[in-house]
Each structure stands twice: as C-alpha cells, then as structure tokens.
Amino acid sequence: MAPRYGLKWDEIELDEWLEAINAGNDDLIVDFCFPNKRIKEQYIDSVTARNEDEVRSLLRHFLIPTGEFGSDALNAEFAKRAFDNEPEMFGRLMAIEYYRRLVGADVLVEPTWQGLSWVLDLLPRWPMQALEVLEAYLLAHMMYLPDGRISGIADAQAVIRAMWIGNPASSGLKRDLLLQLGPVRFEHLVEALYHAMEFDTAITPPSRDGGDPA
C-alpha cells in the first residue's frame, strides 16, 4: 500500500473519498491510489456491483498520465551533473529510455512519462493482457516512479482483477492466474494470506528491486 498521507486520508470514508476525487476540487487529495488499506478493501469488495463507467473513471486516476512528475526534476539535475562531470556515467544514463526522454536526447522530443490510459481499451475483453501491461510498466520504471504512483498501478491491477477476472473457476485457471501475478502482486497475495491466518502483517515501502530478495 501507499505510505501514510496524513490523518485526513486515514479516516476518510469510501463514498466521501470517491465524491472528492470525482469533484477534483482539492489539489491535496490522494487520488493516484487508494488512500488506505481499509478503503481499498471496501472498494474491491463492492466493485462488481458498481457501474463500469464509474470503475473506469477511478482507473483513470490510478493509471500514469502523460507528462512529468515532481521527482523528475531531481533526476534531471542528476543527469546534468553527470553530463558536466562524469561523461561515462552520462553515457550509461543515455542507454536508459527514461533518461533519454527526460533530457530530450532525441530529435523527436517525447514526454518523460508516456501515459497508460490506453490500457482501458483492453477492457473488458482482455483483462489479463491489461494486467501484464501494467506489470511490465512497473518492472521497466520501478526505479524512477514516485512511490505513490507505484501503489496506484498496483491498485489499478487489483481493481481490474476484481472487476473483470474475479475468482477463477478451475484449478488450472487459478494456477495460471497465480503464475501471472508478478513479484509485486505476489508479495501482496502472501501478505493477504498471512493476514487471513491472523498474523500481524504489513507491506513494507517499495524498495524498487522488482521483488528480488537479494
């Protein structure tokens, strides 16, 4: 889950939060992921009873927009120092597409973050492919995404899975679904299983290692 964003978002109720993000009149609102675990669980439990347009609207908040993030300025400054003082390091950075977009290294200048809202066009027909796209995006960009946006992609995956996949009917489908979870989602599954067995559990902040235990 996302880190704590203050008491206001720990205490807010689901309907109140949904109304606030749909109104879009509070620049400080947590709208890029669920504000806390309780709200996430309530929404996931009720998602199949919700209107599909409403679910898509929420996913648009969670999916990465085309544009820039505040943390990009720090990475741009790092790239500038490398350009000025460490040409070998700068050369390594230019082998990474994120940094090439960040500094406008190519003739065709692209936004630093290429949007993910097109994933909605895979729904409802191809939900597993939508999950795979989001998992691949996470693996490629984990080192550079803000933590809240990492949580947002994870929350989008949870919503898609609950809304358009649900509970697989056969053991084969269950196995296939498990194998396609990816390291981040598998960590959340293990946490949920231990929580269901009444162990005290907590998801640690993302370390951006892709789930590698080393």
# chains A, B, ... in the order shown; residues from 1 in each chain; ligands from 1

$ residues_around --residues "range 85-91 of chain A" --least-positions-apart "6" --cutoff "12 Å" --atoms "only C-alpha atoms" --output "MDAnalysis selection string"
chainID A and resid 75:79 99:100 103 105

$ residues_around --residues "range 6-23 of chain A" --least-positions-apart "2" --cutoff "9 Å" --atoms "only C-alpha atoms" --output "mmCIF file with N, CA and C atoms, in the first residue's frame"
data_model
loop_
_atom_site.group_PDB
_atom_site.id
_atom_site.type_symbol
_atom_site.label_atom_id
_atom_site.label_comp_id
_atom_site.auth_asym_id
_atom_site.auth_seq_id
_atom_site.Cartn_x
_atom_site.Cartn_y
_atom_site.Cartn_z
ATOM 1 N N ARG A 4 1.661 6.584 4.411
ATOM 2 C CA ARG A 4 0.610 7.375 5.052
ATOM 3 C C ARG A 4 0.650 8.795 4.504
ATOM 4 N N ASN A 25 -11.698 19.108 -6.787
ATOM 5 C CA ASN A 25 -11.509 20.488 -6.334
ATOM 6 C C ASN A 25 -10.542 20.605 -5.166
ATOM 7 N N ASP A 26 -9.764 19.583 -4.911
ATOM 8 C CA ASP A 26 -8.807 19.606 -3.804
ATOM 9 C C ASP A 26 -7.466 19.117 -4.333
ATOM 10 N N ILE A 29 -5.732 16.141 -2.465
ATOM 11 C CA ILE A 29 -6.379 14.851 -2.283
ATOM 12 C C ILE A 29 -5.514 13.723 -2.835
ATOM 13 N N VAL A 30 -5.536 12.599 -2.153
ATOM 14 C CA VAL A 30 -4.872 11.393 -2.643
ATOM 15 C C VAL A 30 -5.813 10.739 -3.656
ATOM 16 N N ASP A 31 -5.507 10.922 -4.946
ATOM 17 C CA ASP A 31 -6.367 10.357 -5.980
ATOM 18 C C ASP A 31 -5.610 9.437 -6.927
ATOM 19 N N PRO A 35 -6.368 5.684 -0.648
ATOM 20 C CA PRO A 35 -5.705 6.423 0.428
ATOM 21 C C PRO A 35 -5.302 5.565 1.614
ATOM 22 N N ASN A 36 -5.916 4.396 1.776
ATOM 23 C CA ASN A 36 -5.539 3.492 2.864
ATOM 24 C C ASN A 36 -6.068 2.089 2.552
ATOM 25 N N LYS A 37 -5.616 1.134 3.323
ATOM 26 C CA LYS A 37 -5.958 -0.264 3.072
ATOM 27 C C LYS A 37 -7.441 -0.533 3.270
ATOM 28 N N ARG A 38 -8.047 0.120 4.250
ATOM 29 C CA ARG A 38 -9.474 -0.093 4.527
ATOM 30 C C ARG A 38 -10.334 0.313 3.333
ATOM 31 N N ILE A 39 -10.034 1.475 2.759
ATOM 32 C CA ILE A 39 -10.788 1.946 1.608
ATOM 33 C C ILE A 39 -10.598 1.000 0.423
ATOM 34 N N LYS A 40 -9.383 0.537 0.221
ATOM 35 C CA LYS A 40 -9.118 -0.396 -0.880
ATOM 36 C C LYS A 40 -9.953 -1.663 -0.726
ATOM 37 N N GLN A 42 -12.730 -2.121 0.943
ATOM 38 C CA GLN A 42 -14.156 -1.842 0.766
ATOM 39 C C GLN A 42 -14.508 -1.692 -0.709
ATOM 40 N N TYR A 43 -13.651 -1.009 -1.451
ATOM 41 C CA TYR A 43 -13.939 -0.811 -2.868
ATOM 42 C C TYR A 43 -13.860 -2.133 -3.630
ATOM 43 N N SER A 57 -13.540 5.347 -14.551
ATOM 44 C CA SER A 57 -13.197 6.689 -14.103
ATOM 45 C C SER A 57 -12.155 6.640 -12.993
ATOM 46 N N LEU A 58 -12.326 5.713 -12.049
ATOM 47 C CA LEU A 58 -11.342 5.574 -10.977
ATOM 48 C C LEU A 58 -9.994 5.119 -11.532
ATOM 49 N N HIS A 61 -7.629 7.726 -12.744
ATOM 50 C CA HIS A 61 -6.834 8.404 -11.715
ATOM 51 C C HIS A 61 -5.569 7.612 -11.381
#

$ residues_around --residues "range 67-71 of chain A" --least-positions-apart "5" --cutoff "12 Å" --atoms "only C-alpha atoms" --output "ChimeraX atom specification"
/A:76-78,98,101-103,110-116,143-149

$ atom_distance --atom1 "CA of Leu93 in chain A" --atom2 "CA of Leu138 in chain A"
18.8 Å

$ closest_residue --among "A:Ile96, A:Glu198, A:Val159, A:Val190" --to "Ser46 in chain A" --atoms "only C-alpha atoms"
A:Val159

$ closest_residue --among "A:Gly24, A:Asp45, A:Pro183, A:Ala140" --to "Gly166 in chain A" --atoms "only C-alpha atoms"
A:Asp45

$ decode --residues "range 118-139 of chain A" --atoms "N, CA and C atoms" --output "mmCIF file, in the first residue's frame"
data_model
loop_
_atom_site.group_PDB
_atom_site.id
_atom_site.type_symbol
_atom_site.label_atom_id
_atom_site.label_comp_id
_atom_site.auth_asym_id
_atom_site.auth_seq_id
_atom_site.Cartn_x
_atom_site.Cartn_y
_atom_site.Cartn_z
ATOM 1 N N TRP A 118 -4.441 4.172 -22.176
ATOM 2 C CA TRP A 118 -4.852 3.321 -23.293
ATOM 3 C C TRP A 118 -5.116 1.883 -22.850
ATOM 4 N N VAL A 119 -4.587 1.500 -21.683
ATOM 5 C CA VAL A 119 -4.837 0.153 -21.161
ATOM 6 C C VAL A 119 -6.341 -0.096 -21.008
ATOM 7 N N LEU A 120 -7.103 0.976 -20.770
ATOM 8 C CA LEU A 120 -8.553 0.827 -20.625
ATOM 9 C C LEU A 120 -9.201 0.249 -21.885
ATOM 10 N N ASP A 121 -8.555 0.434 -23.036
ATOM 11 C CA ASP A 121 -9.111 -0.110 -24.272
ATOM 12 C C ASP A 121 -9.002 -1.633 -24.344
ATOM 13 N N LEU A 122 -8.223 -2.236 -23.431
ATOM 14 C CA LEU A 122 -8.145 -3.694 -23.353
ATOM 15 C C LEU A 122 -9.307 -4.286 -22.555
ATOM 16 N N LEU A 123 -10.056 -3.416 -21.891
ATOM 17 C CA LEU A 123 -11.138 -3.871 -21.021
ATOM 18 C C LEU A 123 -12.483 -3.625 -21.686
ATOM 19 N N PRO A 124 -13.418 -4.548 -21.511
ATOM 20 C CA PRO A 124 -13.382 -5.729 -20.628
ATOM 21 C C PRO A 124 -12.902 -7.015 -21.292
ATOM 22 N N ARG A 125 -12.514 -6.958 -22.571
ATOM 23 C CA ARG A 125 -12.268 -8.198 -23.315
ATOM 24 C C ARG A 125 -10.966 -8.878 -22.935
ATOM 25 N N TRP A 126 -9.925 -8.113 -22.610
ATOM 26 C CA TRP A 126 -8.604 -8.698 -22.382
ATOM 27 C C TRP A 126 -8.019 -8.232 -21.048
ATOM 28 N N PRO A 127 -8.636 -8.581 -19.932
ATOM 29 C CA PRO A 127 -8.135 -8.099 -18.634
ATOM 30 C C PRO A 127 -6.759 -8.653 -18.262
ATOM 31 N N MET A 128 -6.478 -9.903 -18.629
ATOM 32 C CA MET A 128 -5.167 -10.458 -18.288
ATOM 33 C C MET A 128 -4.062 -9.713 -19.021
ATOM 34 N N GLN A 129 -4.305 -9.354 -20.277
ATOM 35 C CA GLN A 129 -3.314 -8.585 -21.023
ATOM 36 C C GLN A 129 -3.123 -7.206 -20.402
ATOM 37 N N ALA A 130 -4.214 -6.616 -19.887
ATOM 38 C CA ALA A 130 -4.097 -5.327 -19.209
ATOM 39 C C ALA A 130 -3.199 -5.446 -17.975
ATOM 40 N N LEU A 131 -3.377 -6.525 -17.218
ATOM 41 C CA LEU A 131 -2.530 -6.737 -16.042
ATOM 42 C C LEU A 131 -1.071 -6.917 -16.441
ATOM 43 N N GLU A 132 -0.828 -7.636 -17.541
ATOM 44 C CA GLU A 132 0.538 -7.863 -17.993
ATOM 45 C C GLU A 132 1.203 -6.559 -18.421
ATOM 46 N N VAL A 133 0.448 -5.695 -19.092
ATOM 47 C CA VAL A 133 0.985 -4.398 -19.496
ATOM 48 C C VAL A 133 1.409 -3.604 -18.266
ATOM 49 N N LEU A 134 0.550 -3.566 -17.264
ATOM 50 C CA LEU A 134 0.851 -2.792 -16.058
ATOM 51 C C LEU A 134 2.037 -3.381 -15.302
ATOM 52 N N GLU A 135 2.138 -4.702 -15.268
ATOM 53 C CA GLU A 135 3.277 -5.337 -14.594
ATOM 54 C C GLU A 135 4.571 -5.012 -15.325
ATOM 55 N N ALA A 136 4.540 -5.053 -16.660
ATOM 56 C CA ALA A 136 5.731 -4.732 -17.438
ATOM 57 C C ALA A 136 6.138 -3.269 -17.242
ATOM 58 N N TYR A 137 5.155 -2.380 -17.195
ATOM 59 C CA TYR A 137 5.436 -0.963 -16.972
ATOM 60 C C TYR A 137 6.109 -0.763 -15.617
ATOM 61 N N LEU A 138 5.602 -1.464 -14.599
ATOM 62 C CA LEU A 138 6.219 -1.381 -13.272
ATOM 63 C C LEU A 138 7.668 -1.854 -13.297
ATOM 64 N N LEU A 139 7.909 -2.997 -13.934
ATOM 65 C CA LEU A 139 9.265 -3.545 -13.959
ATOM 66 C C LEU A 139 10.227 -2.605 -14.680
#
